[in-house]
Amino acid sequence: MRISPRYTSTDWKRITFEKNEDWRLAVDIFKERIRERFLDPIDRIEKCQYAGFAVLALDCLLIEMLQQFREGVNRTPSGKSRLFFIRFLTETGFREAFDQRRAELFYRQIRCGILHQAEVRGSSQVLVSDNAPMVAYAGDRKGLVVNRKFFHERLLAEFKKYTEEILDAVNDDLRGKFRKKMMSICKTACDIT
């Protein structure tokens with residue numbers, strides 16, 4: 001099974017994870033997979049004037065998947081999507097802009113609105129601006145105004161930070177969770193100690 005343009009699940013199974021080179025290869029495979037499935041398509045469509053919803057939809061898929069990697073699960077447990085999403089927004093570099101309330105609003109009105117109804121809910125809005133913050137309350141404080149350009153840039157920074165943390169040899173717990181999730185993608189047994 002192909003897991004990225006240049007690599008298959010067989011390539012992944014050959015990695016022994018005994019040397020730093022093994023970890024670099026594993027992260028390269030992961031980065032190639034994410035670039036091809038999410039980041040390169042976003043690069044192509046974000047230049048379109050009205051691509052904000054499409055960009056945020058892909059960003060939301062990427063956020064939930066990255067949280068699965070951070071937690072070492074093959075899929076988000078039933079009924080836990082909200083929790084996974086809010087954890088990501090409040091426990092990563094997004095926490096500078098997202099407290100619990102803003103994360104809840106983003107999940108309900110932006111993420112669920114776009115992914116379930118193809119529109120944002122409530123008074124929330126999506127915009128692109130070089131002058132607006134990444135996220136702010138809407139005028140009625142019952143919704144959010146999300147600058148999708150800055151939101152996506154923050155997500156790119158989080159993706160980069162995550163891959164750097166995987167390469168950090170002292171982060172065994174994160175590495176184990178990363179391996180477990182990739183093993184589930186490759187459809188192999190996970191017996192990681």
# chains A, B, ... in the order shown; residues from 1 in each chain; ligands from 1
call {"tool": "closest_atom_pairs", "arguments": {"of": "stretch 58-157 of chain A", "to": "stretch 25-46 of chain A", "cutoff": "8 Å", "atoms": "only C-alpha atoms", "output": "tab-separated table"}}
result
residue	atom	partner	partner_atom	distance
A:Leu58	CA	A:Phe38	CA	6.4
A:Asp59	CA	A:Phe38	CA	7.8
A:Leu62	CA	A:Phe38	CA	7.2
call {"tool": "write_last_selection", "arguments": {"atoms": "N, CA and C atoms", "output": "compact mmCIF listing (two decimals), in the first residue's frame"}}
result
# COMPACT_ATOMS: atom_id res chain seq x y z
N LEU A 58 -9.61 21.67 4.85
CA LEU A 58 -8.40 20.84 4.85
C LEU A 58 -7.59 21.05 6.12
N ASP A 59 -7.50 22.29 6.59
CA ASP A 59 -6.79 22.55 7.84
C ASP A 59 -7.45 21.81 9.00
N LEU A 62 -6.55 18.20 8.89
CA LEU A 62 -5.16 18.06 9.30
C LEU A 62 -5.01 18.20 10.82
call {"tool": "closest_residue", "arguments": {"among": "A:Asp99, A:Gln125, A:Phe178, A:Tyr137", "to": "A:Arg87", "atoms": "only C-alpha atoms"}}
result
A:Asp99
call {"tool": "closest_residue", "arguments": {"among": "A:Arg6, A:Lys47, A:Arg102, A:Lys180", "to": "A:Arg148", "atoms": "only C-alpha atoms"}}
result
A:Lys47
call {"tool": "residues_around", "arguments": {"residues": "A:Ile110", "least_positions_apart": "4", "cutoff": "6 Å", "atoms": "only C-alpha atoms", "output": "tab-separated table (two decimals) with N, CA and C atoms, in the first residue's frame"}}
result
chain	number	residue	atom	x	y	z
A	106	PHE	N	-14.83	27.85	17.70
A	106	PHE	CA	-14.22	27.45	16.44
A	106	PHE	C	-14.70	26.05	16.06
A	114	ILE	N	-18.33	24.10	8.49
A	114	ILE	CA	-17.73	23.86	7.17
A	114	ILE	C	-17.79	22.39	6.79
A	120	VAL	N	-20.09	28.40	7.52
A	120	VAL	CA	-19.86	28.65	8.93
A	120	VAL	C	-21.20	28.92	9.60
call {"tool": "atom_distance", "arguments": {"atom1": "atom CA of A:Met183", "atom2": "atom CA of A:Ile15"}}
result
11.2 Å
call {"tool": "atom_distance", "arguments": {"atom1": "atom CA of A:Gly93", "atom2": "atom CA of A:Ser123"}}
result
25.2 Å
call {"tool": "atom_distance", "arguments": {"atom1": "atom CA of A:Leu115", "atom2": "atom CA of A:Leu61"}}
result
9.0 Å
call {"tool": "closest_residue", "arguments": {"among": "A:Phe17, A:Phe159, A:Phe84, A:Phe53", "to": "A:Asn147", "atoms": "only C-alpha atoms"}}
result
A:Phe53
call {"tool": "closest_residue", "arguments": {"among": "A:Lys161, A:Ala138, A:Ala57, A:Asp22", "to": "A:Glu119", "atoms": "only C-alpha atoms"}}
result
A:Ala57
